[in-house]
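Asks: Got a file for you: data-v2.pdb, PDB, C-alpha atoms.
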ATOM      1  CA  MET A 158     -69.829 -48.491 -25.452
ATOM      2  CA  VAL A 159     -73.167 -49.285 -23.868
ATOM      3  CA  ASP A 160     -71.972 -47.786 -20.585
ATOM      4  CA  ALA A 161     -70.334 -44.795 -22.239
ATOM      5  CA  ALA A 162     -73.526 -43.477 -23.868
ATOM      6  CA  PRO A 163     -75.453 -42.621 -20.676
ATOM      7  CA  SER A 164     -72.350 -41.141 -19.042
ATOM      8  CA  ALA A 165     -71.742 -38.864 -22.069
ATOM      9  CA  ALA A 166     -75.387 -37.812 -21.995
ATOM     10  CA  ASP A 167     -75.116 -37.180 -18.251
ATOM     11  CA  GLY A 168     -71.988 -35.125 -18.875
ATOM     12  CA  ASN A 169     -73.747 -33.023 -21.514
ATOM     13  CA  ALA A 170     -76.748 -32.511 -19.246
ATOM     14  CA  GLU A 171     -74.452 -31.497 -16.395
ATOM     15  CA  LEU A 172     -72.576 -29.089 -18.677
ATOM     16  CA  ALA A 173     -75.868 -27.599 -19.889
ATOM     17  CA  ALA A 174     -77.020 -27.213 -16.288
ATOM     18  CA  GLN A 175     -73.779 -25.403 -15.480
ATOM     19  CA  ALA A 176     -73.956 -23.263 -18.625
ATOM     20  CA  ARG A 177     -77.347 -21.738 -17.854
ATOM     21  CA  PRO A 178     -76.417 -19.776 -14.698
ATOM     22  CA  PHE A 179     -73.082 -18.870 -16.272
ATOM     23  CA  GLU A 180     -74.881 -17.425 -19.296
ATOM     24  CA  LEU A 181     -77.314 -15.540 -17.052
ATOM     25  CA  GLY A 182     -74.346 -14.168 -15.084
ATOM     26  CA  GLY A 183     -72.808 -12.883 -18.314
ATOM     27  CA  LEU A 184     -76.058 -11.154 -19.268
ATOM     28  CA  ALA A 185     -76.396  -9.715 -15.770
ATOM     29  CA  THR A 186     -72.992  -7.986 -16.051
ATOM     30  CA  ILE A 187     -74.524  -5.909 -18.869
ATOM     31  CA  LEU A 188     -78.140  -5.631 -17.787
ATOM     32  CA  LEU A 189     -77.769  -4.795 -14.087
ATOM     33  CA  PRO A 190     -75.477  -1.747 -14.522
ATOM     34  CA  GLY A 191     -77.393  -0.834 -17.690
ATOM     35  CA  ILE A 192     -80.720  -0.809 -15.859
ATOM     36  CA  TYR A 193     -79.236   1.282 -13.052
ATOM     37  CA  ALA A 194     -77.588   3.731 -15.488
ATOM     38  CA  TRP A 195     -80.830   4.037 -17.445
ATOM     39  CA  GLY A 196     -82.918   4.454 -14.313
ATOM     40  CA  ALA A 197     -80.678   7.021 -12.624
ATOM     41  CA  THR A 198     -79.651   9.140 -15.593
ATOM     42  CA  VAL A 199     -82.366   8.699 -18.247
ATOM     43  CA  ALA A 200     -85.641   7.440 -16.775
ATOM     44  CA  TRP A 201     -85.544   9.540 -13.629
ATOM     45  CA  PRO A 202     -85.332  12.944 -15.394
ATOM     46  CA  ALA A 203     -87.625  11.789 -18.234
ATOM     47  CA  PHE A 204     -90.446  10.305 -16.153
ATOM     48  CA  ALA A 205     -90.116  11.661 -12.614
ATOM     49  CA  LEU A 206     -89.834  15.355 -13.434
ATOM     50  CA  SER A 207     -93.010  17.156 -14.385
ATOM     51  CA  GLY A 208     -93.371  18.938 -17.702
ATOM     52  CA  THR A 209     -90.767  16.960 -19.637
ATOM     53  CA  SER A 210     -91.324  16.599 -23.368
ATOM     54  CA  PRO A 211     -93.005  13.460 -24.775
ATOM     55  CA  VAL A 212     -90.014  13.064 -27.131
ATOM     56  CA  ALA A 213     -87.705  12.607 -24.118
ATOM     57  CA  ARG A 214     -90.066   9.987 -22.642
ATOM     58  CA  ALA A 215     -90.339   8.154 -25.965
ATOM     59  CA  ALA A 216     -86.532   8.171 -26.395
ATOM     60  CA  ALA A 217     -86.104   6.880 -22.823
ATOM     61  CA  GLY A 218     -88.566   4.048 -23.586
ATOM     62  CA  VAL A 219     -86.720   3.164 -26.801
ATOM     63  CA  ALA A 220     -83.428   3.174 -24.867
ATOM     64  CA  ALA A 221     -84.862   0.639 -22.391
ATOM     65  CA  ILE A 222     -86.049  -1.648 -25.217
ATOM     66  CA  LEU A 223     -82.602  -1.463 -26.882
ATOM     67  CA  LEU A 224     -80.866  -2.127 -23.561
ATOM     68  CA  PHE A 225     -82.681  -5.465 -23.222
ATOM     69  CA  SER A 226     -82.793  -6.455 -26.875
ATOM     70  CA  GLY A 227     -79.056  -5.814 -27.519
ATOM     71  CA  PRO A 228     -77.625  -8.681 -25.411
ATOM     72  CA  LEU A 229     -80.407 -11.058 -26.521
ATOM     73  CA  VAL A 230     -79.686 -10.405 -30.203
ATOM     74  CA  ALA A 231     -75.906 -10.507 -29.592
ATOM     75  CA  ARG A 232     -76.092 -14.144 -28.443
ATOM     76  CA  ARG A 233     -76.727 -15.155 -32.077
ATOM     77  CA  HIS A 234     -75.646 -12.096 -34.080
ATOM     78  CA  LEU A 235     -72.858 -10.427 -32.131
ATOM     79  CA  ARG A 236     -72.298  -7.425 -34.380
ATOM     80  CA  SER A 237     -75.974  -6.466 -34.741
ATOM     81  CA  GLY A 238     -76.565  -7.048 -31.031
ATOM     82  CA  ARG A 239     -73.652  -4.820 -30.100
ATOM     83  CA  ALA A 240     -74.901  -2.109 -32.457
ATOM     84  CA  LEU A 241     -78.349  -2.233 -30.855
ATOM     85  CA  GLY A 242     -77.192  -2.673 -27.257
ATOM     86  CA  VAL A 243     -74.355  -0.149 -27.251
ATOM     87  CA  LEU A 244     -74.829   2.393 -30.045
ATOM     88  CA  GLY A 245     -78.636   2.194 -30.018
ATOM     89  CA  PHE A 246     -78.929   2.402 -26.240
ATOM     90  CA  VAL A 247     -76.423   5.256 -25.924
ATOM     91  CA  GLY A 248     -77.935   7.055 -28.926
ATOM     92  CA  ALA A 249     -81.506   6.831 -27.585
ATOM     93  CA  SER A 250     -80.299   7.958 -24.132
ATOM     94  CA  ALA A 251     -78.500  10.915 -25.732
ATOM     95  CA  ALA A 252     -81.691  11.767 -27.656
ATOM     96  CA  ALA A 253     -83.618  11.721 -24.367
ATOM     97  CA  TRP A 254     -81.024  14.017 -22.746
ATOM     98  CA  GLY A 255     -81.196  16.362 -25.727
ATOM     99  CA  ALA A 256     -84.996  16.553 -25.493
ATOM    100  CA  LEU A 257     -84.861  17.092 -21.711
ATOM    101  CA  ASP A 258     -82.762  20.238 -22.167
ATOM    102  CA  ALA A 259     -83.234  22.413 -19.048
ATOM    103  CA  ALA A 260     -84.221  19.524 -16.771
ATOM    104  CA  ILE A 261     -80.679  18.151 -16.738
ATOM    105  CA  ARG A 262     -78.735  21.389 -16.266
ATOM    106  CA  PRO A 263     -76.244  21.241 -13.353
ATOM    107  CA  PRO A 264     -78.415  23.034 -10.729
ATOM    108  CA  GLN A 265     -81.182  20.455 -11.214
ATOM    109  CA  LEU A 266     -78.851  17.449 -10.990
ATOM    110  CA  ASP A 267     -78.402  15.369  -7.864
ATOM    111  CA  THR A 268     -74.631  14.958  -7.446
ATOM    112  CA  VAL A 269     -74.756  11.540  -5.772
ATOM    113  CA  ARG A 270     -77.245  10.119  -8.266
ATOM    114  CA  GLY A 271     -75.155  11.525 -11.124
ATOM    115  CA  ALA A 272     -71.928  10.016  -9.736
ATOM    116  CA  LEU A 273     -73.524   6.595  -9.191
ATOM    117  CA  GLY A 274     -75.088   6.781 -12.650
ATOM    118  CA  ALA A 275     -71.680   7.547 -14.183
ATOM    119  CA  LEU A 276     -70.217   4.556 -12.328
ATOM    120  CA  ALA A 277     -73.041   2.363 -13.677
ATOM    121  CA  TRP A 278     -72.353   3.590 -17.233
ATOM    122  CA  GLY A 279     -68.702   2.560 -16.763
ATOM    123  CA  LEU A 280     -69.707  -0.911 -15.506
ATOM    124  CA  PHE A 281     -72.153  -1.246 -18.422
ATOM    125  CA  ALA A 282     -69.278  -0.568 -20.849
ATOM    126  CA  LEU A 283     -67.074  -3.109 -19.050
ATOM    127  CA  GLY A 284     -69.922  -5.659 -19.202
ATOM    128  CA  TRP A 285     -70.117  -5.290 -22.984
ATOM    129  CA  GLY A 286     -66.309  -5.513 -23.154
ATOM    130  CA  THR A 287     -66.342  -9.046 -21.701
ATOM    131  CA  PHE A 288     -69.395 -10.164 -23.713
ATOM    132  CA  PRO A 289     -69.841 -12.853 -25.122
ATOM    133  CA  GLY A 290     -66.873 -14.530 -23.393
ATOM    134  CA  ARG A 291     -68.619 -14.272 -20.035
ATOM    135  CA  THR A 292     -71.711 -16.072 -21.331
ATOM    136  CA  ARG A 293     -69.888 -19.207 -22.492
ATOM    137  CA  LEU A 294     -68.595 -21.916 -20.205
ATOM    138  CA  PRO A 295     -64.811 -22.290 -20.556
ATOM    139  CA  GLU A 296     -65.357 -26.102 -20.604
ATOM    140  CA  GLU A 297     -67.255 -25.746 -23.900
ATOM    141  CA  ASP A 298     -64.102 -24.561 -25.651
ATOM    142  CA  PRO A 299     -62.732 -27.434 -27.803
ATOM    143  CA  HIS A 300     -59.216 -26.670 -26.526
ATOM    144  CA  ALA A 301     -60.249 -26.792 -22.877
ATOM    145  CA  ILE A 302     -58.470 -29.279 -20.631
ATOM    146  CA  ALA A 303     -61.252 -31.040 -18.757
ATOM    147  CA  SER A 304     -59.070 -32.958 -16.324
ATOM    148  CA  GLY A 305     -59.818 -30.896 -13.272
ATOM    149  CA  ARG A 306     -58.307 -27.661 -12.079
ATOM    150  CA  LEU A 307     -54.643 -26.991 -12.699
ATOM    151  CA  ALA A 308     -52.663 -26.042  -9.650
ATOM    152  CA  PRO A 309     -51.266 -22.486  -9.786
ATOM    153  CA  ARG A 310     -47.476 -22.232  -9.987
ATOM    154  CA  ALA A 311     -47.390 -19.629  -7.268
ATOM    155  CA  ARG A 312     -49.783 -17.741  -5.066
ATOM    156  CA  LEU A 313     -49.672 -14.080  -4.209
ATOM    157  CA  PRO A 314     -49.044 -13.433  -0.542
ATOM    158  CA  LYS A 315     -51.898 -11.927   1.434
ATOM    159  CA  SER A 316     -49.893  -8.750   2.036
ATOM    160  CA  ILE A 317     -49.887  -8.064  -1.732
ATOM    161  CA  SER A 318     -53.669  -8.607  -1.933
ATOM    162  CA  PHE A 319     -54.135  -6.256   1.005
ATOM    163  CA  ALA A 320     -51.822  -3.627  -0.524
ATOM    164  CA  PHE A 321     -53.627  -3.898  -3.865
ATOM    165  CA  SER A 322     -56.989  -3.394  -2.120
ATOM    166  CA  ALA A 323     -55.615  -0.249  -0.461
ATOM    167  CA  LEU A 324     -54.305   0.951  -3.824
ATOM    168  CA  LEU A 325     -57.706   0.361  -5.433
ATOM    169  CA  ALA A 326     -59.434   2.201  -2.590
ATOM    170  CA  ALA A 327     -57.121   5.207  -3.061
ATOM    171  CA  ALA A 328     -57.681   5.161  -6.842
ATOM    172  CA  LEU A 329     -61.456   5.150  -6.290
ATOM    173  CA  ALA A 330     -61.265   7.815  -3.581
ATOM    174  CA  LEU A 331     -59.592  10.350  -5.893
ATOM    175  CA  PRO A 332     -62.538  10.851  -8.335
ATOM    176  CA  LEU A 333     -64.969  10.816  -5.409
ATOM    177  CA  LEU A 334     -62.966  13.539  -3.620
ATOM    178  CA  ALA A 335     -62.911  15.571  -6.850
ATOM    179  CA  TRP A 336     -66.713  15.867  -6.615
ATOM    180  CA  ARG A 337     -66.268  17.971  -3.466
ATOM    181  CA  VAL A 338     -64.656  20.767  -5.497
ATOM    182  CA  GLU A 339     -67.471  23.108  -6.497
ATOM    183  CA  ARG A 340     -65.784  26.208  -7.912
ATOM    184  CA  PRO A 341     -66.100  26.440 -11.695
ATOM    185  CA  GLY A 342     -62.777  25.969 -13.476
ATOM    186  CA  VAL A 343     -61.126  24.401 -10.437
ATOM    187  CA  ALA A 344     -63.800  21.672 -10.443
ATOM    188  CA  LEU A 345     -62.911  20.734 -14.012
ATOM    189  CA  LEU A 346     -59.201  20.715 -13.139
ATOM    190  CA  ALA A 347     -59.971  18.494 -10.138
ATOM    191  CA  GLN A 348     -61.917  15.982 -12.254
ATOM    192  CA  ALA A 349     -59.167  15.804 -14.882
ATOM    193  CA  ALA A 350     -56.388  15.548 -12.276
ATOM    194  CA  ALA A 351     -58.289  12.891 -10.304
ATOM    195  CA  LEU A 352     -58.872  10.749 -13.381
ATOM    196  CA  ALA A 353     -55.232  10.988 -14.506
ATOM    197  CA  ALA A 354     -53.957  10.338 -10.977
ATOM    198  CA  SER A 355     -56.230   7.284 -10.539
ATOM    199  CA  VAL A 356     -55.063   5.716 -13.782
ATOM    200  CA  ALA A 357     -51.388   6.452 -13.015
ATOM    201  CA  LEU A 358     -51.708   5.170  -9.441
ATOM    202  CA  LEU A 359     -53.271   1.884 -10.537
ATOM    203  CA  GLY A 360     -50.768   1.429 -13.378
ATOM    204  CA  VAL A 361     -47.581   2.190 -11.445
ATOM    205  CA  GLY A 362     -48.824   0.677  -8.168
ATOM    206  CA  SER A 363     -49.804  -2.665  -9.680
ATOM    207  CA  ARG A 364     -46.465  -2.818 -11.554
ATOM    208  CA  VAL A 365     -44.576  -2.199  -8.329
ATOM    209  CA  LEU A 366     -46.648  -4.727  -6.374
ATOM    210  CA  LEU A 367     -46.781  -7.544  -8.917
ATOM    211  CA  SER A 368     -43.497  -7.344 -10.813
ATOM    212  CA  PRO A 369     -40.941 -10.046 -10.024
ATOM    213  CA  LYS A 370     -38.275  -9.196  -7.531
ATOM    214  CA  GLY A 371     -35.423  -7.215  -9.014
ATOM    215  CA  PRO A 372     -31.743  -7.346  -8.135
ATOM    216  CA  ALA A 373     -31.069  -6.415  -4.549
ATOM    217  CA  ARG A 374     -28.540  -3.718  -5.280
ATOM    218  CA  VAL A 375     -28.637  -2.067  -8.628
ATOM    219  CA  LYS A 376     -27.937   1.449  -9.688
ATOM    220  CA  SER A 377     -31.385   2.921 -10.144
ATOM    221  CA  PRO A 378     -32.211   6.201 -11.877
ATOM    222  CA  ARG A 379     -32.325   9.092  -9.487
ATOM    223  CA  LEU A 380     -33.543  12.040 -11.550
ATOM    224  CA  TRP A 381     -37.181  11.890 -10.421
ATOM    225  CA  ILE A 382     -36.283  11.180  -6.802
ATOM    226  CA  VAL A 383     -33.922  14.169  -6.785
ATOM    227  CA  MET A 384     -36.671  16.323  -8.300
ATOM    228  CA  LEU A 385     -39.139  15.069  -5.677
ATOM    229  CA  CYS A 386     -36.707  15.838  -2.835
ATOM    230  CA  ALA A 387     -36.025  19.312  -4.265
ATOM    231  CA  TRP A 388     -39.752  19.947  -4.576
ATOM    232  CA  LEU A 389     -40.428  18.827  -0.985
ATOM    233  CA  LEU A 390     -37.512  20.949   0.242
ATOM    234  CA  LEU A 391     -38.929  23.960  -1.599
ATOM    235  CA  GLY A 392     -42.307  23.313   0.026
ATOM    236  CA  ALA A 393     -40.710  23.071   3.469
ATOM    237  CA  VAL A 394     -38.819  26.350   2.945
ATOM    238  CA  ILE A 395     -41.956  28.177   1.755
ATOM    239  CA  GLY A 396     -43.914  26.709   4.662
ATOM    240  CA  LEU A 397     -41.338  27.958   7.190
ATOM    241  CA  LEU A 398     -41.200  31.489   5.752
TER     242      LEU A 398
ATOM    243  CA  MET B 270     -43.307  -6.505  -0.471
ATOM    244  CA  ALA B 271     -41.692  -9.886  -1.026
ATOM    245  CA  ARG B 272     -42.511  -9.916  -4.738
ATOM    246  CA  GLY B 273     -42.870  -6.207  -5.029
ATOM    247  CA  GLY B 274     -39.289  -5.755  -5.936
ATOM    248  CA  ASN B 275     -38.181  -2.899  -4.019
ATOM    249  CA  ALA B 276     -39.167  -1.258  -0.798
ATOM    250  CA  VAL B 277     -38.162   2.173  -2.130
ATOM    251  CA  SER B 278     -40.593   1.893  -5.055
ATOM    252  CA  ALA B 279     -43.334   0.664  -2.714
ATOM    253  CA  GLY B 280     -42.594   3.562  -0.366
ATOM    254  CA  LEU B 281     -42.796   6.014  -3.251
ATOM    255  CA  VAL B 282     -46.192   4.611  -4.303
ATOM    256  CA  LEU B 283     -47.423   4.813  -0.697
ATOM    257  CA  PHE B 284     -46.217   8.423  -0.447
ATOM    258  CA  SER B 285     -47.873   9.248  -3.786
ATOM    259  CA  CYS B 286     -51.154   7.661  -2.655
ATOM    260  CA  ALA B 287     -51.201   9.702   0.527
ATOM    261  CA  SER B 288     -50.181  12.988  -1.081
ATOM    262  CA  LEU B 289     -52.613  12.627  -4.021
ATOM    263  CA  VAL B 290     -55.547  11.799  -1.735
ATOM    264  CA  TYR B 291     -54.652  14.638   0.646
ATOM    265  CA  GLY B 292     -54.092  17.052  -2.268
ATOM    266  CA  MET B 293     -57.447  16.179  -3.832
ATOM    267  CA  TRP B 294     -59.182  16.576  -0.464
ATOM    268  CA  ALA B 295     -57.468  19.944   0.082
ATOM    269  CA  LEU B 296     -58.456  21.177  -3.378
ATOM    270  CA  ALA B 297     -62.007  21.684  -2.058
ATOM    271  CA  GLN B 298     -60.701  24.010   0.685
ATOM    272  CA  PRO B 299     -60.385  27.786   0.137
ATOM    273  CA  VAL B 300     -56.544  27.814  -0.102
ATOM    274  CA  GLU B 301     -55.559  25.768  -3.150
ATOM    275  CA  LEU B 302     -51.803  26.370  -3.215
ATOM    276  CA  TRP B 303     -50.928  23.541  -0.811
ATOM    277  CA  ALA B 304     -53.369  21.251  -2.541
ATOM    278  CA  LEU B 305     -51.498  21.791  -5.803
ATOM    279  CA  PHE B 306     -48.187  21.292  -3.967
ATOM    280  CA  TRP B 307     -49.281  17.854  -2.688
ATOM    281  CA  LEU B 308     -50.766  16.862  -6.052
ATOM    282  CA  VAL B 309     -47.473  17.689  -7.791
ATOM    283  CA  SER B 310     -45.580  15.800  -5.047
ATOM    284  CA  GLY B 311     -47.753  12.740  -5.676
ATOM    285  CA  ALA B 312     -47.169  12.963  -9.417
ATOM    286  CA  LEU B 313     -43.384  13.239  -8.905
ATOM    287  CA  GLY B 314     -43.469  10.245  -6.534
ATOM    288  CA  LEU B 315     -45.323   8.161  -9.108
ATOM    289  CA  ALA B 316     -42.891   9.220 -11.846
ATOM    290  CA  ALA B 317     -39.946   8.187  -9.639
ATOM    291  CA  ALA B 318     -41.535   4.793  -8.802
ATOM    292  CA  SER B 319     -42.362   4.163 -12.457
ATOM    293  CA  ASP B 320     -38.828   5.076 -13.528
ATOM    294  CA  ARG B 321     -37.311   2.672 -11.005
ATOM    295  CA  GLU B 322     -39.625  -0.178 -12.027
ATOM    296  CA  GLN B 323     -38.854   0.330 -15.708
ATOM    297  CA  SER B 324     -35.144   0.267 -15.041
ATOM    298  CA  PHE B 325     -35.494  -3.001 -13.041
ATOM    299  CA  ALA B 326     -37.649  -4.567 -15.761
ATOM    300  CA  ALA B 327     -35.072  -3.671 -18.430
ATOM    301  CA  ARG B 328     -32.328  -5.623 -16.620
TER     302      ARG B 328
END
Rewrite the structure from the file as structure tokens, please.

Replies:
Amino acid sequence: MVDAAPSAADGNAELAAQARPFELGGLATILLPGIYAWGATVAWPAFALSGTSPVARAAAGVAAILLFSGPLVARRHLRSGRALGVLGFVGASAAAWGALDAAIRPPQLDTVRGALGALAWGLFALGWGTFPGRTRLPEEDPHAIASGRLAPRARLPKSISFAFSALLAAALALPLLAWRVERPGVALLAQAAALAASVALLGVGSRVLLSPKGPARVKSPRLWIVMLCAWLLLGAVIGLL
Amino acid sequence: MARGGNAVSAGLVLFSCASLVYGMWALAQPVELWALFWLVSGALGLAAASDREQSFAAR
């Protein structure tokens, strides 16, 4: 018992030392994209452009305060922290955009900054989605098995990882390519089609790559393949004419 | 595609990837008809791959 006490204390100290960076990492998944999204899409038009209204600047400042205070409050009071960090931050940002009015009309917007800002908003939402799980060490869970790492039952071959990376790259390329379409009407169609195609590509592609191997020879449905062949044949005929 | 089930499904996804990316790239060009053709081809390829996977999963 005499020997066990220092070792338990050492274990707690070690766990606390491990928990700190883990907790900071969890906060960073919200704060880093949040700061970028705020900087690129709220602070830049509110503070960098001349002649913007003081209301827009005040709302942008409030949004920044809520961005930081939300995760800090959520560590003790999850619901209130989420309300401040998500609804408050988005609401104050929307108020700033409303007060900016003409400064954020499409001709004044920088396409690249807007696209990166939109990406940062998406990552900010994902960061809140994994909060507070990402801020707690899995070893602190009372049901955690602390006897070292469990060996995986199987490992994915490298070819699958490579194919999944290619799939992800294609899914990311589609919305980026849609930004090249500038004509009104067609641009909106391109954005909608790119988003739907990205989601479908990731969904179907990951199912095909990761699902267990099916029977070697089974009768598979052919309706869609027949339609695809007919469509390609039609395209070839029109192309030749 | 050792675990990926079926080479036909993987080929369909690969075809869909290529035709969707090409179709989206071509949508920014002046002639949109072929862009739409390749986008629809990609969508049909994905539908075929999804259909095959669902039928394998149901067995």

Asks: Which chain A residues are at most 7 Å from chain B (counting all atoms listed in the file), as JSON, numbers by chain?

Replies: {"A": [317, 327, 331, 334, 335, 337, 338, 361, 362, 365, 366, 367, 368, 369, 370, 371, 377, 378, 381, 382, 385]}

Asks: Using CA of Ala194 in chain A and CA of Leu229 in chain A as the two end points, give the distance in Å to one decimal.

Replies: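 Going from CA of Ala194 in chain A over to CA of Leu229 in chain A covers 18.7 Å.
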
Asks: CA of Val300 in chain B to CA of Arg270 in chain A: how many Å, to one decimal?

Replies: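 Separating CA of Val300 in chain B from CA of Arg270 in chain A is a distance of 28.4 Å.
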
Asks: Just how far from CA of Gly284 in chain A is CA of Ala252 in chain A, in Å to one decimal?

Replies: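 Computing it gives 22.7 Å between the two atoms.
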
Asks: What does the PyMOL selection byres ((chain A and resi 192) around 12) select in this file, as number ranges by chain?

Replies: A: 184-191, 193-201, 217, 220-225, 246, 274, 277-278, 280-281
